[in-house]
Amino acid sequence: MTDSWDVRAVLLDMDGTLLDTERVYFESLVTALNMFGYTDDVDALCHAMVGLPGPECEAMLHARYGAGLPLPEINKAYVARRDEILAAGLPLKHGAVELLDALQSIACPMAIVTSSSRGTADSHLALAGIRERFDTILTCDDVTRGKPSPDLYLLAASRLGVDPERCVAVEDSNHGVTAAHAAGTITIMVPDMVPPTEQSRARCAAVVPDLGAVLEILHQRGGLVRRRL
């Protein structure tokens, strides 16, 4: 890693990247499906949903189980189990506070870029104690096409007034990497539940184990100095 980057902004995925929520979502959905008798290869199906917007996940469920799927009831069971788990607290991923502190100390523009809804993003960032750190939050409510389309990342860069190629995007999922790379960002992957595919590795400037390593790379290659946009 010898090339330097002209980093003017950092775009952060939320679930599985900053917040340790993907396991919560996974367990909650598996539990809800099992409650209604859907047990065949459920784990693999739910793994395939990691990083996708809700409507696409619902479409995958209908494609697997048919039009008779009692989706409203399953969604209620899912939310109940999810909220039960989150009532005990919503942990941050390792290195999240240090990364955010470092970026804020130099007034580096930041944005949340998530496949979750605005309501979920606001609620979960608040539960994790970091909502007030972000003025710019882009969610699936802001675009017609969510990840893996690049639209969210392009919109985030536009909102911050920064060219995408001068943005570092941090993602945990293959779908998110696809979106960030297609937008032209410098993409770093911190895998969570799903390992990177070879295609994702090729699309990333780096694949690292945690957010502490992201901060180290930003110091080494991005400069992380206070600057005017």
# chains A, B, ... in the order shown; residues from 1 in each chain; ligands from 1

$ residues_around --residues "Met14 in chain A" --least-positions-apart "4" --cutoff "12 Å" --atoms "only C-alpha atoms" --output "VMD selection string"
chain A and resid 18 to 22 51 91 to 93 96 111 to 118 120 to 125 128 130 to 131 134 137 to 139 169 to 173 176 190 192

$ atom_distance --atom1 "CA of Ser149 in chain A" --atom2 "CA of Thr197 in chain A"
17.5 Å

$ select_by_dssp --residues "range 8-60 of chain A" --states "strand (DSSP E or B)" --output "list in words"
Ala9, Val10, Leu11, Leu12, Asp15 and Leu19 of chain A

$ atom_distance --atom1 "CA of Gly54 in chain A" --atom2 "CA of Asn75 in chain A"
10.6 Å

$ residues_around --residues "Leu211 in chain A" --least-positions-apart "4" --cutoff "10 Å" --atoms "only C-alpha atoms" --output "VMD selection string"
chain A and resid 17 to 18 93 to 100 170 188 to 190 215 to 217

$ decode --residues "range 73-103 of chain A" --atoms "N, CA, C and O atoms" --output "PDB file, in the first residue's frame"
ATOM      1  N   GLU A  73     -47.426 -11.459   8.937  1.00  0.00           N
ATOM      2  CA  GLU A  73     -47.277 -12.132  10.222  1.00  0.00           C
ATOM      3  C   GLU A  73     -45.807 -12.447  10.518  1.00  0.00           C
ATOM      4  O   GLU A  73     -45.338 -12.322  11.664  1.00  0.00           O
ATOM      5  N   ILE A  74     -45.075 -12.845   9.477  1.00  0.00           N
ATOM      6  CA  ILE A  74     -43.649 -13.125   9.649  1.00  0.00           C
ATOM      7  C   ILE A  74     -42.902 -11.845  10.016  1.00  0.00           C
ATOM      8  O   ILE A  74     -42.025 -11.852  10.888  1.00  0.00           O
ATOM      9  N   ASN A  75     -43.264 -10.745   9.372  1.00  0.00           N
ATOM     10  CA  ASN A  75     -42.624  -9.467   9.692  1.00  0.00           C
ATOM     11  C   ASN A  75     -42.873  -9.064  11.140  1.00  0.00           C
ATOM     12  O   ASN A  75     -41.978  -8.552  11.821  1.00  0.00           O
ATOM     13  N   LYS A  76     -44.082  -9.287  11.633  1.00  0.00           N
ATOM     14  CA  LYS A  76     -44.391  -8.964  13.027  1.00  0.00           C
ATOM     15  C   LYS A  76     -43.551  -9.804  13.981  1.00  0.00           C
ATOM     16  O   LYS A  76     -43.022  -9.300  14.983  1.00  0.00           O
ATOM     17  N   ALA A  77     -43.426 -11.082  13.678  1.00  0.00           N
ATOM     18  CA  ALA A  77     -42.611 -11.962  14.508  1.00  0.00           C
ATOM     19  C   ALA A  77     -41.141 -11.556  14.449  1.00  0.00           C
ATOM     20  O   ALA A  77     -40.428 -11.588  15.465  1.00  0.00           O
ATOM     21  N   TYR A  78     -40.696 -11.168  13.271  1.00  0.00           N
ATOM     22  CA  TYR A  78     -39.314 -10.720  13.095  1.00  0.00           C
ATOM     23  C   TYR A  78     -39.038  -9.473  13.936  1.00  0.00           C
ATOM     24  O   TYR A  78     -38.038  -9.403  14.668  1.00  0.00           O
ATOM     25  N   VAL A  79     -39.916  -8.479  13.838  1.00  0.00           N
ATOM     26  CA  VAL A  79     -39.731  -7.228  14.583  1.00  0.00           C
ATOM     27  C   VAL A  79     -39.758  -7.482  16.084  1.00  0.00           C
ATOM     28  O   VAL A  79     -38.962  -6.909  16.837  1.00  0.00           O
ATOM     29  N   ALA A  80     -40.666  -8.347  16.518  1.00  0.00           N
ATOM     30  CA  ALA A  80     -40.755  -8.644  17.954  1.00  0.00           C
ATOM     31  C   ALA A  80     -39.466  -9.264  18.476  1.00  0.00           C
ATOM     32  O   ALA A  80     -38.952  -8.879  19.533  1.00  0.00           O
ATOM     33  N   ARG A  81     -38.927 -10.219  17.728  1.00  0.00           N
ATOM     34  CA  ARG A  81     -37.681 -10.865  18.157  1.00  0.00           C
ATOM     35  C   ARG A  81     -36.509  -9.895  18.067  1.00  0.00           C
ATOM     36  O   ARG A  81     -35.659  -9.851  18.972  1.00  0.00           O
ATOM     37  N   ARG A  82     -36.469  -9.099  17.001  1.00  0.00           N
ATOM     38  CA  ARG A  82     -35.395  -8.107  16.844  1.00  0.00           C
ATOM     39  C   ARG A  82     -35.389  -7.115  17.992  1.00  0.00           C
ATOM     40  O   ARG A  82     -34.346  -6.851  18.615  1.00  0.00           O
ATOM     41  N   ASP A  83     -36.567  -6.578  18.321  1.00  0.00           N
ATOM     42  CA  ASP A  83     -36.646  -5.586  19.389  1.00  0.00           C
ATOM     43  C   ASP A  83     -36.334  -6.197  20.747  1.00  0.00           C
ATOM     44  O   ASP A  83     -35.776  -5.520  21.626  1.00  0.00           O
ATOM     45  N   GLU A  84     -36.684  -7.461  20.915  1.00  0.00           N
ATOM     46  CA  GLU A  84     -36.355  -8.147  22.165  1.00  0.00           C
ATOM     47  C   GLU A  84     -34.837  -8.229  22.357  1.00  0.00           C
ATOM     48  O   GLU A  84     -34.321  -7.992  23.455  1.00  0.00           O
ATOM     49  N   ILE A  85     -34.145  -8.542  21.285  1.00  0.00           N
ATOM     50  CA  ILE A  85     -32.682  -8.632  21.364  1.00  0.00           C
ATOM     51  C   ILE A  85     -32.067  -7.251  21.566  1.00  0.00           C
ATOM     52  O   ILE A  85     -31.182  -7.062  22.421  1.00  0.00           O
ATOM     53  N   LEU A  86     -32.551  -6.264  20.819  1.00  0.00           N
ATOM     54  CA  LEU A  86     -31.967  -4.932  20.885  1.00  0.00           C
ATOM     55  C   LEU A  86     -32.255  -4.219  22.193  1.00  0.00           C
ATOM     56  O   LEU A  86     -31.555  -3.256  22.552  1.00  0.00           O
ATOM     57  N   ALA A  87     -33.282  -4.677  22.900  1.00  0.00           N
ATOM     58  CA  ALA A  87     -33.590  -4.075  24.201  1.00  0.00           C
ATOM     59  C   ALA A  87     -32.422  -4.206  25.169  1.00  0.00           C
ATOM     60  O   ALA A  87     -32.267  -3.416  26.104  1.00  0.00           O
ATOM     61  N   ALA A  88     -31.588  -5.213  24.940  1.00  0.00           N
ATOM     62  CA  ALA A  88     -30.422  -5.420  25.797  1.00  0.00           C
ATOM     63  C   ALA A  88     -29.260  -4.508  25.408  1.00  0.00           C
ATOM     64  O   ALA A  88     -28.223  -4.494  26.086  1.00  0.00           O
ATOM     65  N   GLY A  89     -29.408  -3.743  24.316  1.00  0.00           N
ATOM     66  CA  GLY A  89     -28.361  -2.835  23.876  1.00  0.00           C
ATOM     67  C   GLY A  89     -27.940  -3.110  22.452  1.00  0.00           C
ATOM     68  O   GLY A  89     -28.108  -4.217  21.945  1.00  0.00           O
ATOM     69  N   LEU A  90     -27.396  -2.075  21.812  1.00  0.00           N
ATOM     70  CA  LEU A  90     -26.966  -2.201  20.432  1.00  0.00           C
ATOM     71  C   LEU A  90     -25.470  -1.889  20.385  1.00  0.00           C
ATOM     72  O   LEU A  90     -25.069  -0.729  20.422  1.00  0.00           O
ATOM     73  N   PRO A  91     -24.654  -2.915  20.289  1.00  0.00           N
ATOM     74  CA  PRO A  91     -23.201  -2.683  20.338  1.00  0.00           C
ATOM     75  C   PRO A  91     -22.650  -2.144  19.028  1.00  0.00           C
ATOM     76  O   PRO A  91     -23.165  -2.423  17.945  1.00  0.00           O
ATOM     77  N   LEU A  92     -21.579  -1.360  19.160  1.00  0.00           N
ATOM     78  CA  LEU A  92     -20.829  -0.890  18.006  1.00  0.00           C
ATOM     79  C   LEU A  92     -19.797  -1.928  17.614  1.00  0.00           C
ATOM     80  O   LEU A  92     -19.356  -2.736  18.433  1.00  0.00           O
ATOM     81  N   LYS A  93     -19.398  -1.900  16.366  1.00  0.00           N
ATOM     82  CA  LYS A  93     -18.325  -2.769  15.914  1.00  0.00           C
ATOM     83  C   LYS A  93     -16.994  -2.280  16.481  1.00  0.00           C
ATOM     84  O   LYS A  93     -16.813  -1.098  16.792  1.00  0.00           O
ATOM     85  N   HIS A  94     -16.062  -3.206  16.603  1.00  0.00           N
ATOM     86  CA  HIS A  94     -14.755  -2.885  17.170  1.00  0.00           C
ATOM     87  C   HIS A  94     -14.062  -1.779  16.361  1.00  0.00           C
ATOM     88  O   HIS A  94     -13.968  -1.865  15.140  1.00  0.00           O
ATOM     89  N   GLY A  95     -13.619  -0.743  17.059  1.00  0.00           N
ATOM     90  CA  GLY A  95     -12.912   0.355  16.406  1.00  0.00           C
ATOM     91  C   GLY A  95     -13.793   1.478  15.918  1.00  0.00           C
ATOM     92  O   GLY A  95     -13.278   2.489  15.412  1.00  0.00           O
ATOM     93  N   ALA A  96     -15.114   1.358  16.072  1.00  0.00           N
ATOM     94  CA  ALA A  96     -16.024   2.374  15.535  1.00  0.00           C
ATOM     95  C   ALA A  96     -15.819   3.735  16.199  1.00  0.00           C
ATOM     96  O   ALA A  96     -15.733   4.766  15.515  1.00  0.00           O
ATOM     97  N   VAL A  97     -15.751   3.760  17.505  1.00  0.00           N
ATOM     98  CA  VAL A  97     -15.608   5.034  18.219  1.00  0.00           C
ATOM     99  C   VAL A  97     -14.295   5.712  17.845  1.00  0.00           C
ATOM    100  O   VAL A  97     -14.253   6.926  17.594  1.00  0.00           O
ATOM    101  N   GLU A  98     -13.222   4.945  17.810  1.00  0.00           N
ATOM    102  CA  GLU A  98     -11.916   5.516  17.471  1.00  0.00           C
ATOM    103  C   GLU A  98     -11.912   6.094  16.058  1.00  0.00           C
ATOM    104  O   GLU A  98     -11.341   7.171  15.822  1.00  0.00           O
ATOM    105  N   LEU A  99     -12.539   5.391  15.120  1.00  0.00           N
ATOM    106  CA  LEU A  99     -12.606   5.884  13.746  1.00  0.00           C
ATOM    107  C   LEU A  99     -13.407   7.175  13.672  1.00  0.00           C
ATOM    108  O   LEU A  99     -12.965   8.164  13.060  1.00  0.00           O
ATOM    109  N   LEU A 100     -14.578   7.200  14.293  1.00  0.00           N
ATOM    110  CA  LEU A 100     -15.414   8.400  14.258  1.00  0.00           C
ATOM    111  C   LEU A 100     -14.739   9.568  14.960  1.00  0.00           C
ATOM    112  O   LEU A 100     -14.791  10.710  14.483  1.00  0.00           O
ATOM    113  N   ASP A 101     -14.099   9.296  16.086  1.00  0.00           N
ATOM    114  CA  ASP A 101     -13.381  10.358  16.797  1.00  0.00           C
ATOM    115  C   ASP A 101     -12.291  10.967  15.916  1.00  0.00           C
ATOM    116  O   ASP A 101     -12.119  12.192  15.867  1.00  0.00           O
ATOM    117  N   ALA A 102     -11.528  10.108  15.231  1.00  0.00           N
ATOM    118  CA  ALA A 102     -10.434  10.584  14.391  1.00  0.00           C
ATOM    119  C   ALA A 102     -10.962  11.435  13.246  1.00  0.00           C
ATOM    120  O   ALA A 102     -10.398  12.495  12.930  1.00  0.00           O
ATOM    121  N   LEU A 103     -12.048  11.003  12.613  1.00  0.00           N
ATOM    122  CA  LEU A 103     -12.608  11.755  11.493  1.00  0.00           C
ATOM    123  C   LEU A 103     -13.183  13.087  11.962  1.00  0.00           C
ATOM    124  O   LEU A 103     -13.011  14.115  11.300  1.00  0.00           O
TER     125      LEU A 103
END
